[in-house]
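Structure file input31.cif (mmCIF, C-alpha atoms) follows.
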```
data_model
loop_
_atom_site.label_atom_id
_atom_site.label_comp_id
_atom_site.auth_asym_id
_atom_site.auth_seq_id
_atom_site.Cartn_x
_atom_site.Cartn_y
_atom_site.Cartn_z
CA MET A 1 -10.65 43.02 -7.03
CA ASN A 2 -7.04 41.92 -7.21
CA GLU A 3 -6.50 38.18 -7.63
CA LEU A 4 -2.96 38.47 -6.26
CA PRO A 5 -1.91 39.53 -2.75
CA THR A 6 -1.34 43.25 -2.44
CA ARG A 7 2.38 42.60 -1.92
CA GLU A 8 4.89 39.77 -2.07
CA ILE A 9 5.09 37.54 1.00
CA SER A 10 8.57 37.99 2.42
CA ALA A 11 11.17 35.31 3.10
CA GLU A 12 10.88 36.15 6.82
CA GLU A 13 7.12 35.54 6.73
CA ILE A 14 7.58 32.23 4.94
CA ASP A 15 10.18 31.23 7.53
CA ALA A 16 7.79 32.17 10.35
CA TYR A 17 5.14 29.85 8.91
CA GLN A 18 7.61 27.00 8.47
CA THR A 19 9.22 27.45 11.92
CA ASP A 20 6.31 28.56 14.12
CA GLY A 21 3.39 26.98 12.25
CA ILE A 22 1.68 30.39 12.22
CA VAL A 23 2.30 33.68 10.40
CA TYR A 24 0.41 36.98 10.51
CA LEU A 25 0.18 38.74 7.14
CA ARG A 26 -0.95 42.36 7.09
CA GLY A 27 -3.17 43.80 4.38
CA LEU A 28 -2.87 41.10 1.71
CA PHE A 29 -6.55 41.40 0.73
CA ASP A 30 -7.62 44.75 -0.68
CA PRO A 31 -10.71 46.60 0.68
CA ASP A 32 -12.85 45.42 -2.25
CA TRP A 33 -12.38 41.80 -1.14
CA VAL A 34 -13.31 42.73 2.42
CA ASP A 35 -16.53 44.42 1.28
CA PHE A 36 -17.30 41.54 -1.10
CA MET A 37 -16.96 38.93 1.65
CA ARG A 38 -18.89 41.00 4.19
CA ASN A 39 -21.80 40.89 1.74
CA ALA A 40 -21.23 37.16 1.29
CA ALA A 41 -21.42 36.72 5.08
CA GLU A 42 -24.89 38.27 5.11
CA GLU A 43 -25.99 36.02 2.23
CA CYS A 44 -24.83 32.93 4.09
CA LEU A 45 -26.23 33.94 7.47
CA ALA A 46 -29.61 34.42 5.77
CA ALA A 47 -29.42 31.07 3.94
CA PRO A 48 -27.28 28.64 5.96
CA GLY A 49 -26.41 25.20 4.62
CA HIS A 50 -27.22 21.85 6.19
CA GLN A 51 -23.78 21.76 7.86
CA ALA A 52 -24.30 25.13 9.56
CA LYS A 53 -24.23 25.27 13.36
CA ASP A 54 -24.73 27.84 16.09
CA LEU A 55 -21.98 26.73 18.43
CA ALA A 56 -23.10 29.14 21.17
CA LYS A 57 -26.62 27.70 21.20
CA SER A 58 -25.28 24.15 21.44
CA GLN A 59 -23.44 25.15 24.62
CA LYS A 60 -26.43 27.11 25.96
CA ASP A 61 -24.50 30.38 25.80
CA PRO A 62 -26.00 33.75 24.88
CA GLY A 63 -24.99 35.33 21.63
CA ARG A 64 -24.31 33.52 18.36
CA PHE A 65 -21.22 31.67 17.11
CA PHE A 66 -22.09 30.81 13.52
CA ALA A 67 -20.11 28.17 11.65
CA ASP A 68 -20.78 26.75 8.20
CA THR A 69 -18.60 24.65 5.87
CA TYR A 70 -18.26 23.85 2.16
CA VAL A 71 -20.03 27.11 1.47
CA TRP A 72 -18.24 27.57 -1.87
CA THR A 73 -20.16 24.61 -3.31
CA ARG A 74 -23.49 26.45 -3.09
CA ASN A 75 -22.76 30.18 -2.75
CA GLU A 76 -21.43 31.96 -5.84
CA SER A 77 -19.68 34.69 -3.85
CA CYS A 78 -17.71 32.18 -1.79
CA LYS A 79 -16.92 30.17 -4.92
CA HIS A 80 -15.61 33.33 -6.57
CA PHE A 81 -13.42 33.96 -3.51
CA VAL A 82 -11.98 30.43 -3.58
CA TYR A 83 -11.04 30.64 -7.25
CA HIS A 84 -10.17 34.31 -7.67
CA SER A 85 -9.03 35.80 -4.35
CA PRO A 86 -5.38 35.88 -3.21
CA ALA A 87 -6.04 33.06 -0.69
CA ALA A 88 -4.77 30.17 -2.84
CA LYS A 89 -1.59 32.08 -3.76
CA ILE A 90 -0.98 32.95 -0.10
CA ALA A 91 -1.33 29.29 0.94
CA LYS A 92 0.98 28.18 -1.88
CA ALA A 93 3.62 30.73 -0.91
CA ALA A 94 3.49 29.93 2.81
CA MET A 95 3.72 26.17 2.29
CA GLN A 96 6.30 26.50 -0.51
CA VAL A 97 4.51 24.00 -2.75
CA ALA A 98 3.92 23.65 -6.48
CA LYS A 99 0.10 23.61 -6.31
CA VAL A 100 -2.82 23.88 -3.89
CA ASN A 101 -6.26 22.28 -3.71
CA ILE A 102 -9.19 23.76 -1.82
CA PHE A 103 -10.05 21.41 1.02
CA PHE A 104 -13.04 23.37 2.28
CA ASP A 105 -14.09 26.87 3.25
CA GLN A 106 -15.79 27.94 6.46
CA TRP A 107 -17.51 30.86 8.17
CA LEU A 108 -16.53 31.49 11.80
CA ILE A 109 -18.63 34.42 13.03
CA LYS A 110 -18.80 35.43 16.69
CA GLU A 111 -21.57 37.94 17.20
CA PRO A 112 -21.43 40.58 19.98
CA GLY A 113 -21.66 39.27 23.51
CA THR A 114 -20.90 35.64 22.66
CA PRO A 115 -18.84 34.06 25.47
CA THR A 116 -18.34 30.75 23.67
CA ARG A 117 -14.66 29.84 23.45
CA THR A 118 -13.03 28.01 20.60
CA PRO A 119 -11.44 25.09 22.49
CA TRP A 120 -7.76 24.24 22.25
CA HIS A 121 -7.28 21.89 19.30
CA HIS A 122 -5.40 21.29 16.11
CA ASP A 123 -7.11 20.69 12.81
CA LEU A 124 -5.80 17.53 11.17
CA PRO A 125 -7.42 15.00 13.55
CA TYR A 126 -10.84 16.27 12.37
CA TRP A 127 -10.18 15.68 8.68
CA PRO A 128 -9.73 12.70 6.29
CA VAL A 129 -6.46 14.06 4.94
CA ASN A 130 -2.83 13.66 5.90
CA GLY A 131 0.44 15.37 5.04
CA ASP A 132 2.66 18.28 5.99
CA HIS A 133 1.28 20.59 3.28
CA ILE A 134 -2.09 21.43 4.84
CA CYS A 135 -2.90 24.91 6.09
CA THR A 136 -5.62 27.42 6.89
CA VAL A 137 -5.89 31.00 5.65
CA TRP A 138 -7.95 32.95 8.23
CA LEU A 139 -9.19 36.27 6.80
CA ALA A 140 -10.40 39.03 9.12
CA LEU A 141 -13.46 40.93 7.91
CA ASP A 142 -13.74 43.05 11.08
CA PRO A 143 -11.16 44.48 13.45
CA VAL A 144 -9.96 41.54 15.58
CA THR A 145 -8.90 42.11 19.18
CA ILE A 146 -8.16 39.92 22.17
CA GLU A 147 -11.51 41.03 23.60
CA ASN A 148 -13.58 39.93 20.59
CA GLY A 149 -12.00 36.56 19.87
CA SER A 150 -8.46 36.82 18.48
CA VAL A 151 -7.12 33.31 17.95
CA GLU A 152 -4.19 32.23 20.13
CA TYR A 153 -1.59 29.86 18.63
CA ILE A 154 1.20 27.82 20.21
CA LYS A 155 4.36 28.43 18.25
CA GLY A 156 6.12 25.31 17.03
CA SER A 157 3.35 22.93 18.10
CA HIS A 158 3.06 21.65 14.52
CA ARG A 159 6.47 20.00 15.09
CA TRP A 160 5.66 18.28 18.38
CA GLY A 161 5.07 14.99 16.56
CA LYS A 162 1.73 14.67 18.36
CA ARG A 163 -1.87 14.18 17.30
CA TYR A 164 -4.58 14.90 19.83
CA LEU A 165 -8.18 13.76 19.91
CA ALA A 166 -10.48 16.18 18.10
CA GLN A 167 -12.39 18.42 20.51
CA SER A 168 -16.09 18.84 19.84
CA PHE A 169 -17.03 22.50 19.52
CA THR A 170 -20.55 21.58 20.65
CA GLY A 171 -19.36 20.12 23.95
CA ASP A 172 -20.22 16.46 23.30
CA ASP A 173 -17.95 13.43 22.82
CA ARG A 174 -18.68 12.62 19.17
CA TYR A 175 -15.03 12.03 18.24
CA LYS A 176 -13.83 8.54 19.17
CA GLU A 177 -10.39 8.13 17.58
CA ASP A 178 -7.71 6.40 19.69
CA LEU A 179 -5.67 9.54 20.38
CA PRO A 180 -4.66 11.30 23.60
CA PRO A 181 -6.65 14.36 24.67
CA VAL A 182 -5.33 17.86 24.17
CA PRO A 183 -3.22 18.66 27.24
CA ASP A 184 -4.20 21.39 29.70
CA ILE A 185 -2.71 24.22 27.69
CA ASP A 186 -3.61 26.95 30.17
CA ALA A 187 -1.71 25.08 32.92
CA MET A 188 1.35 25.00 30.62
CA ARG A 189 1.57 28.71 29.82
CA ASP A 190 4.96 29.15 31.46
CA GLU A 191 6.39 26.36 29.28
CA LEU A 192 5.04 27.42 25.87
CA GLU A 193 5.39 30.32 23.45
CA PHE A 194 2.12 31.83 22.25
CA ALA A 195 1.19 34.11 19.35
CA GLN A 196 -1.97 36.23 19.27
CA PHE A 197 -2.65 39.04 16.81
CA GLU A 198 -4.84 42.11 16.73
CA MET A 199 -5.87 42.36 13.09
CA ALA A 200 -7.39 44.89 10.70
CA PRO A 201 -9.92 43.92 8.02
CA GLY A 202 -7.98 42.47 5.09
CA ASP A 203 -5.27 40.99 7.31
CA CYS A 204 -4.94 37.22 7.50
CA THR A 205 -3.09 34.49 9.31
CA VAL A 206 -1.86 31.20 7.89
CA HIS A 207 -1.50 28.26 10.24
CA HIS A 208 -0.37 24.66 9.78
CA GLY A 209 -2.86 21.81 10.18
CA LEU A 210 -1.11 20.61 13.35
CA THR A 211 -0.63 23.99 15.06
CA VAL A 212 -2.49 23.94 18.37
CA HIS A 213 -4.78 26.94 18.78
CA GLY A 214 -7.90 28.24 20.51
CA ALA A 215 -9.79 31.51 20.92
CA PRO A 216 -11.73 33.45 23.54
CA GLY A 217 -15.32 34.51 23.16
CA ASN A 218 -16.48 37.91 21.95
CA ALA A 219 -16.98 40.17 24.97
CA THR A 220 -17.50 43.33 22.89
CA GLY A 221 -20.41 45.05 21.16
CA GLY A 222 -18.93 44.45 17.70
CA ARG A 223 -18.82 41.47 15.39
CA ARG A 224 -15.89 39.15 14.66
CA ARG A 225 -16.43 37.78 11.17
CA ALA A 226 -13.79 35.51 9.70
CA PHE A 227 -13.81 33.67 6.39
CA VAL A 228 -11.55 30.66 6.53
CA THR A 229 -10.18 28.61 3.65
CA ARG A 230 -8.40 25.28 4.15
CA TRP A 231 -5.75 24.31 1.61
CA ALA A 232 -3.82 21.15 0.73
CA GLY A 233 -0.52 21.07 -1.15
CA ASP A 234 1.85 18.64 -2.79
CA ASP A 235 2.04 15.82 -0.23
CA ALA A 236 -1.60 15.81 0.96
CA VAL A 237 -3.31 12.40 0.68
CA TYR A 238 -6.72 10.96 1.50
CA TYR A 239 -6.76 9.51 5.04
CA PRO A 240 -10.27 8.26 5.91
CA ARG A 241 -11.15 7.17 9.47
CA PRO A 242 -14.44 6.66 11.29
CA ASN A 243 -15.86 9.12 13.82
CA ILE A 244 -14.30 12.28 12.41
CA MET A 245 -15.80 15.46 11.01
CA PRO A 246 -18.25 14.59 8.21
CA GLN A 247 -17.36 15.95 4.79
CA LEU A 248 -19.80 17.17 2.20
CA ALA A 249 -19.51 13.84 0.36
CA GLU A 250 -17.33 10.73 0.25
CA PRO A 251 -14.61 11.27 -2.35
CA ASP A 252 -14.06 8.58 -4.95
CA LEU A 253 -10.47 8.01 -3.83
CA PRO A 254 -8.54 5.10 -2.32
CA ALA A 255 -6.79 5.70 1.00
CA GLY A 256 -3.35 7.22 0.43
CA ALA A 257 -4.25 8.80 -2.92
CA PRO A 258 -3.49 12.45 -3.70
CA ILE A 259 -6.62 14.40 -2.86
CA THR A 260 -7.31 16.06 -6.22
CA CYS A 261 -10.95 15.24 -7.04
CA ASP A 262 -14.29 17.00 -7.63
CA LEU A 263 -14.75 17.54 -3.88
CA TRP A 264 -11.23 18.97 -3.42
CA PRO A 265 -10.23 20.51 -6.78
CA GLN A 266 -6.90 22.09 -7.63
CA VAL A 267 -7.22 25.87 -7.61
CA TRP A 268 -3.70 27.18 -8.17
CA PRO A 269 -2.14 26.99 -10.63
CA THR A 270 -5.35 26.73 -12.57
CA PRO A 271 -5.39 23.24 -14.16
#
```
As structure tokens - that is how I would like this structure written.
Amino acid sequence: MNELPTREISAEEIDAYQTDGIVYLRGLFDPDWVDFMRNAAEECLAAPGHQAKDLAKSQKDPGRFFADTYVWTRNESCKHFVYHSPAAKIAKAAMQVAKVNIFFDQWLIKEPGTPTRTPWHHDLPYWPVNGDHICTVWLALDPVTIENGSVEYIKGSHRWGKRYLAQSFTGDDRYKEDLPPVPDIDAMRDELEFAQFEMAPGDCTVHHGLTVHGAPGNATGGRRRAFVTRWAGDDAVYYPRPNIMPQLAEPDLPAGAPITCDLWPQVWPTP
């Protein structure tokens, strides 16, 4: 399996990430990585961690929307992906930084006939990290269509200068930070520019930590498996607050410190 992307990321693609907060990158992971991570998905579905959730069940929907985080810390296949796949190099290229740390990895698997939506949100309000150099690499392991849950992004929303209250994927009100709610995005469709991609296995997107996005359910008879890695670059610092998404552990860092630590190690370049 190739540790580098199958091709160079173009200047136009880098500009799209910087300008729009989202870029679609075709075929950067070779078929061996797709097969490898499909097998990893089955391993993790069979042995979920303590942070795993069925987001469909929590909303009393049929189907299954499986999510699990920090999988690389206990699953050797996911650890191998974090350290040896093209994902870290892709994040580094998109953000135009000198180095990247893994923040966490995540499975987002919508099984057939799962109507559960991914609510409109952006990522940074969930996390104890701050900075402009924070992104997500979202790898498709199945064909992704609008009908089975293709993510929809609002172009340029990472530059709105706004932070919205984290939206609970389980439908409760667990997040209590003093932030405004996400606006009614669907009522604003005539005012905004959206991006949504139909993807082949091995394609990925990269989106900024403040890009507003959401996704429909899976109305098809096929699966929508995505392996997601979250990356932090040069200016990312520790930003702890109460009532946000719990991490695997509390890092031994003061607020405002660069996030390199055992929980969030530097991956590229290899230290």
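If you look at atom CA of Val23 of chain A and atom CA of Phe197 of chain A, they are 9.7 Å away from each other.
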Expansion of the PyMOL selection byres ((chain A and resi 98) around 10) into residues, as a short mmCIF file (atom, residue, chain, number, x, y, z; two decimals) with C-alpha atoms, in the frame of the given file:
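Result went into selection21.cif, see below:
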```cif
data_model
loop_
_atom_site.label_atom_id
_atom_site.label_comp_id
_atom_site.auth_asym_id
_atom_site.auth_seq_id
_atom_site.Cartn_x
_atom_site.Cartn_y
_atom_site.Cartn_z
CA LYS A 92 0.98 28.18 -1.88
CA ALA A 93 3.62 30.73 -0.91
CA MET A 95 3.72 26.17 2.29
CA GLN A 96 6.30 26.50 -0.51
CA VAL A 97 4.51 24.00 -2.75
CA LYS A 99 0.10 23.61 -6.31
CA VAL A 100 -2.82 23.88 -3.89
CA GLY A 233 -0.52 21.07 -1.15
CA ASP A 234 1.85 18.64 -2.79
CA TRP A 268 -3.70 27.18 -8.17
CA PRO A 269 -2.14 26.99 -10.63
#
```
Among A:Ala195, A:Val212, A:Val182, A:Ile90, Leu139 of chain A is approached most closely, using only C-alpha atoms, by A:Ile90
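In terms of minimum interatomic distance to Ile9 of chain A, A:Ala94 ranks closest within A:Ile134, A:Leu141, A:Val34, A:Ala94, counting only C-alpha atoms.
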Among the residues A:Gly49, A:Gly21, A:Pro115, A:Pro31, the one that comes closest to Gly202 of chain A [using only C-alpha atoms]: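 That would be A:Pro31, the residue with the smallest distance to Gly202 of chain A.
Shortest atom-to-atom contact with Lys53 of chain A among A:Met245, A:Ala40, A:Leu165, A:Ala67: A:Ala67, counting only C-alpha atoms.
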Using only C-alpha atoms, which protein or nucleic acid residues come within 10 Å of Phe104 of chain A? Drop anything in the same chain fewer than 6 positions from it, and give the result as a ChimeraX atom specification. /A:69-73,82,136,228-232,247-248,263-265
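Atom pair atom CA of Leu25 of chain A / atom CA of Gly113 of chain A: separated by 27.3 Å.
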I'd like the contact shell of segment 84-89 of chain A - 8 Å cut-off, only C-alpha atoms, skipping same-chain residues fewer than 5 positions apart - returned as a tab-separated table (two decimals) with C-alpha atoms, in the frame of the given file.
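After the write, out-v5.tsv holds the following:
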```tsv
chain	number	residue	atom	x	y	z
A	1	MET	CA	-10.65	43.02	-7.03
A	2	ASN	CA	-7.04	41.92	-7.21
A	3	GLU	CA	-6.50	38.18	-7.63
A	4	LEU	CA	-2.96	38.47	-6.26
A	5	PRO	CA	-1.91	39.53	-2.75
A	28	LEU	CA	-2.87	41.10	1.71
A	29	PHE	CA	-6.55	41.40	0.73
A	33	TRP	CA	-12.38	41.80	-1.14
A	100	VAL	CA	-2.82	23.88	-3.89
A	102	ILE	CA	-9.19	23.76	-1.82
A	137	VAL	CA	-5.89	31.00	5.65
A	229	THR	CA	-10.18	28.61	3.65
A	231	TRP	CA	-5.75	24.31	1.61
A	267	VAL	CA	-7.22	25.87	-7.61
A	268	TRP	CA	-3.70	27.18	-8.17
```
On this structure, which residues satisfy the PyMOL selection byres ((chain A and resi 215) around 7), written as JSON, numbers by chain? {"A": [117, 118, 119, 149, 150, 151, 152, 214, 216, 217]}
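The space between atom CA of His208 of chain A and atom CA of Ser58 of chain A spans 27.5 Å.
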Apply the PyMOL selection byres ((chain A and resi 155-164) around 7) to the displayed file and report the matching residues as a ChimeraX atom specification. /A:19-22,125,153-154,165-166,179-182,193-195,208,210-212
Any idea what's packed within 9 Å of Ala257 of chain A, counting only C-alpha atoms, ignoring anything in its chain fewer than 6 positions away? Could you give it as an NGL selection string? :A and (236-239)
Which is closest to His122 of chain A among A:Asp172, A:Asn243, A:His207, A:Thr270, if we use only C-alpha atoms?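 With only C-alpha atoms as the atom set, the closest residue is A:His207.
If only C-alpha atoms are the atoms counted, then among A:Gln18, A:Asn101, A:Thr114, A:Gln59 the closest residue to Asn218 of chain A is A:Thr114.
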Take the point (-23.5, 24.1, 20.7) as written in the file and pick out every residue within 9 Å of it, counting all atoms listed in the file; give the list as a PyMOL selection string. chain A and resi 53-61+65+116+169-172
